Structures are given as C-alpha cells and as structure tokens.
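A.B. asks: Could you have a look at this structure, given as structure tokens, before my questions?
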Amino acid sequence: MNHNPSPMSWKTADVHRYEQSIALKIPGYSHMHDLMERLLAASLADNNDIHILVAGAGGGKEIALLGSRHTEWTMTGVDPSLPMLQLAEKRVAEAGIGSRVTLQPVTVEQLPEDVVYDGATSMLMLHFLQGMEAKRTFLTSLAARLKPGAPLIIAAVNADLRSPAHPIMMQAWKDHMLSVGVLSEEWERFAASLGRESDPICSEEMTQLLTECGFSHSTRYFGAFWVEGYYAIRN
C-alpha cells in the first residue's frame, strides 16, 4: 500500500470525487450544513433583503442550500480554485438560482472593501490556509467585509496533531470511513494530508483566532472527530 500519496492540488483536483467522498468522510456532513443554514436564518430572521458572502464556495453546496430555502437572499461566492468554482456554477444552475448568485474566482482579500455583507460562511477551508498569519489575514479580511453584528458560520478540521488523543481519533475516523465505503487509498491520502497540504489548528486556537480577528460570542455548534463548526458574530 502507498503510504506517501501524492499531494492534492486544488488546481487539478478531481472535484467530482471530492464532492462524492467528503459527505462519507465527515459524519453528519449534511447535518452540519443544515445547522449552518438554521443559524443564519435565526440570526437574520427579521430581514429578507440579505446578501451572504460564501468564502470557499467551490462545490456550491452552501449556496444551493441557502438559495433554495431563502428565495429573497442573494449570495456572493468566492473561490480561487476554478475547477471547484465550475462545479459550483453547475450546482447553482441546477438549483435555478443563478439570478441571485455571483461567483468570483478570487479570495476574500481581493473583494472590494466598500461592499459589506449581512452574513458569511466558510465551510471546510480554513485548515487549507498554511500558517497562522494566512488564517489571520483571511479572517480579518472577512470581518472587514461584514456589517457589525453579522453572523459568521465557519467549519474546519481543528486538530491538535501532538495530542495523545490524536492517534485514537484518527483510528476511529479511519474505521468510520472504511465502514461507509471510503477506499483505503483515499483514507491514506487524507491522513497523510493533515499537517502537509492542510494546516489544522486546535479548538482553543480557533476561538482565540476568531476573537483576535474581530469576532465575538464564538460558539461551537457541530463536532465530528476533528471537524468542528462555530457560530460567531462580527464585532
């Protein structure tokens, strides 16, 4: 068995394989997104004139979900990965919500600073940013493009790779993945990517980072092995 799989590049990634496998890899994947939508809806209940920023929109799952449940909301999705953004375009078209969605192949930092949003999501992308400075720049830029009091729903792989719990958590996660049909090679590739293609931080660092970057009231709303979801409010 290959224990050193080649690293994944988002420029050449098999995005369809990623989309098919990610829901198997993360227990409660759809539930995590359902809760994301419900938290946004609860935060923005008194206003239908809503513009949501989706950071890391590749695949389009969040946009399709929000657009189907909130027919008056508009959404801007950004993702520097063209293959992932093309998949999002396809999903948006299939959902029939194209008139309310703008997709851009840029990062949050490249968005105009004079446009602010009513809420934002960042689902499963923070751990791909290498180094605390890159994560800090991303979250600070995200906060700068949100209205005061706007909600942020953010999910990421938050792992302490040095923790004694790490090998136990990984073994249990491996057992889960293999039991639902994830190939062993796919597991090996994923396990090898932690700390290499991805740069996860622990839960304590996550909440501290959100505070440093302009957010408050950080509340963990989802957890599955090393995957966590947080609700936070722009100061």
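Just remember, in the structure tokens the first chain shown is A, the second B, etc., residues are 1-based per chain, and ligands are 1-based in the order shown.
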I'd like the neighbourhood of range 136-141 of chain A as a PyMOL selection string, where a residue qualifies if any of its atoms comes within 10 Å (using only C-alpha atoms), though same-chain residues fewer than 6 positions away should be ignored.
C.D. replies: chain A and resi 55+107-111+113+122+126+129+209-215
A.B. asks: Find the residues around range 89-106 of chain A up to 7 Å (only C-alpha atoms counted), leave out those fewer than 4 positions away in its own chain, and share them as number ranges by chain.
C.D. replies: A: 60, 64, 67, 74-82, 85, 110
A.B. asks: For the strand (DSSP E) assignment from backbone DSSP, which residues of range 7-213 of chain A qualify? Please present them as a ChimeraX atom specification.
C.D. replies: /A:51-55,74-78,101-104,119-123,151-157
A.B. asks: Selection from above, C-alpha atoms, as a PDB file, in the first residue's frame, can you write it?
C.D. replies:
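Writing the result to out-v9.pdb gives the following:
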ATOM      1  CA  HIS A  51     -26.652  39.360   0.995  1.00  0.00           C
ATOM      2  CA  ILE A  52     -24.474  36.447   2.120  1.00  0.00           C
ATOM      3  CA  LEU A  53     -20.760  36.022   1.424  1.00  0.00           C
ATOM      4  CA  VAL A  54     -19.688  32.411   0.897  1.00  0.00           C
ATOM      5  CA  ALA A  55     -15.930  32.108   1.299  1.00  0.00           C
ATOM      6  CA  THR A  74     -28.633  36.963  -2.690  1.00  0.00           C
ATOM      7  CA  MET A  75     -25.208  35.354  -2.413  1.00  0.00           C
ATOM      8  CA  THR A  76     -21.669  36.083  -3.499  1.00  0.00           C
ATOM      9  CA  GLY A  77     -19.374  33.080  -3.606  1.00  0.00           C
ATOM     10  CA  VAL A  78     -15.608  33.326  -3.923  1.00  0.00           C
ATOM     11  CA  VAL A 101     -25.794  34.307  -7.181  1.00  0.00           C
ATOM     12  CA  THR A 102     -22.473  35.868  -8.138  1.00  0.00           C
ATOM     13  CA  LEU A 103     -19.424  33.593  -8.298  1.00  0.00           C
ATOM     14  CA  GLN A 104     -15.913  35.026  -8.477  1.00  0.00           C
ATOM     15  CA  GLY A 119     -23.568  37.273   6.979  1.00  0.00           C
ATOM     16  CA  ALA A 120     -20.898  34.849   5.840  1.00  0.00           C
ATOM     17  CA  THR A 121     -19.984  31.193   5.711  1.00  0.00           C
ATOM     18  CA  SER A 122     -16.628  29.464   5.466  1.00  0.00           C
ATOM     19  CA  MET A 123     -17.122  25.729   5.383  1.00  0.00           C
ATOM     20  CA  PRO A 151     -23.102  36.209  11.790  1.00  0.00           C
ATOM     21  CA  LEU A 152     -20.253  34.007  10.583  1.00  0.00           C
ATOM     22  CA  ILE A 153     -20.630  30.235  10.320  1.00  0.00           C
ATOM     23  CA  ILE A 154     -17.237  28.593   9.993  1.00  0.00           C
ATOM     24  CA  ALA A 155     -16.292  24.908   9.933  1.00  0.00           C
ATOM     25  CA  ALA A 156     -12.813  23.425   9.705  1.00  0.00           C
ATOM     26  CA  VAL A 157     -10.639  20.484  10.634  1.00  0.00           C
TER      27      VAL A 157
END
A.B. asks: One decimal, in Å: what's the spacing between CA of Thr219 in chain A and CA of Pro27 in chain A?
C.D. replies: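 It comes out at 19.8 Å.
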A.B. asks: If we count only C-alpha atoms and set the cut-off at 7 Å, which residues sit around Leu146 in chain A, ignoring sequence neighbours fewer than 6 positions away in its own chain? Please answer as a PyMOL selection string.
C.D. replies: chain A and resi 116-119+234
A.B. asks: Just how far from CA of Leu161 in chain A is CA of Gly195 in chain A, in Å to one decimal?
C.D. replies: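 Atom-to-atom, CA of Gly195 in chain A to CA of Leu161 in chain A, that is 7.8 Å.
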A.B. asks: So which one's closest to Gln20 in chain A, A:Gly181, A:Pro112, A:Pro164, A:Pro148? Using only C-alpha atoms, please.
C.D. replies: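 Ranking A:Gly181, A:Pro112, A:Pro164, A:Pro148 by distance to Gln20 in chain A, first place goes to A:Gly181.
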A.B. asks: Check the smallest atom-to-atom distance from each of A:Ala172, A:Ile233, A:Ala150, A:Val227 to Met32 in chain A using only C-alpha atoms, then report the winner.
C.D. replies: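 Under the stated criterion, the closest residue is A:Val227.
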A.B. asks: So how far away is CA of Asp34 in chain A from CA of Tyr221 in chain A, in Å?
C.D. replies: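 Straight-line distance from CA of Tyr221 in chain A to CA of Asp34 in chain A works out to 11.3 Å.
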A.B. asks: Where does DSSP see helix (DSSP H, G or I) in range 31-210 of chain A, if you list the residues as a PyMOL selection string?
C.D. replies: chain A and resi 31-43+61-69+82-95+98-100+108-110+126-128+132-144+165-179+184-193+203-210
A.B. asks: Pick out the closest residue to Asp175 in chain A from this set: A:Leu39, A:Phe128, A:Leu44, A:Phe225. Count only C-alpha atoms.
C.D. replies: A:Phe225
A.B. asks: Which residue is closest to Ala224 in chain A? Choose from A:Val182, A:Ile50, A:Leu40, A:Met169 and count only C-alpha atoms.
C.D. replies: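 Closest to Ala224 in chain A of all the choices is A:Met169.
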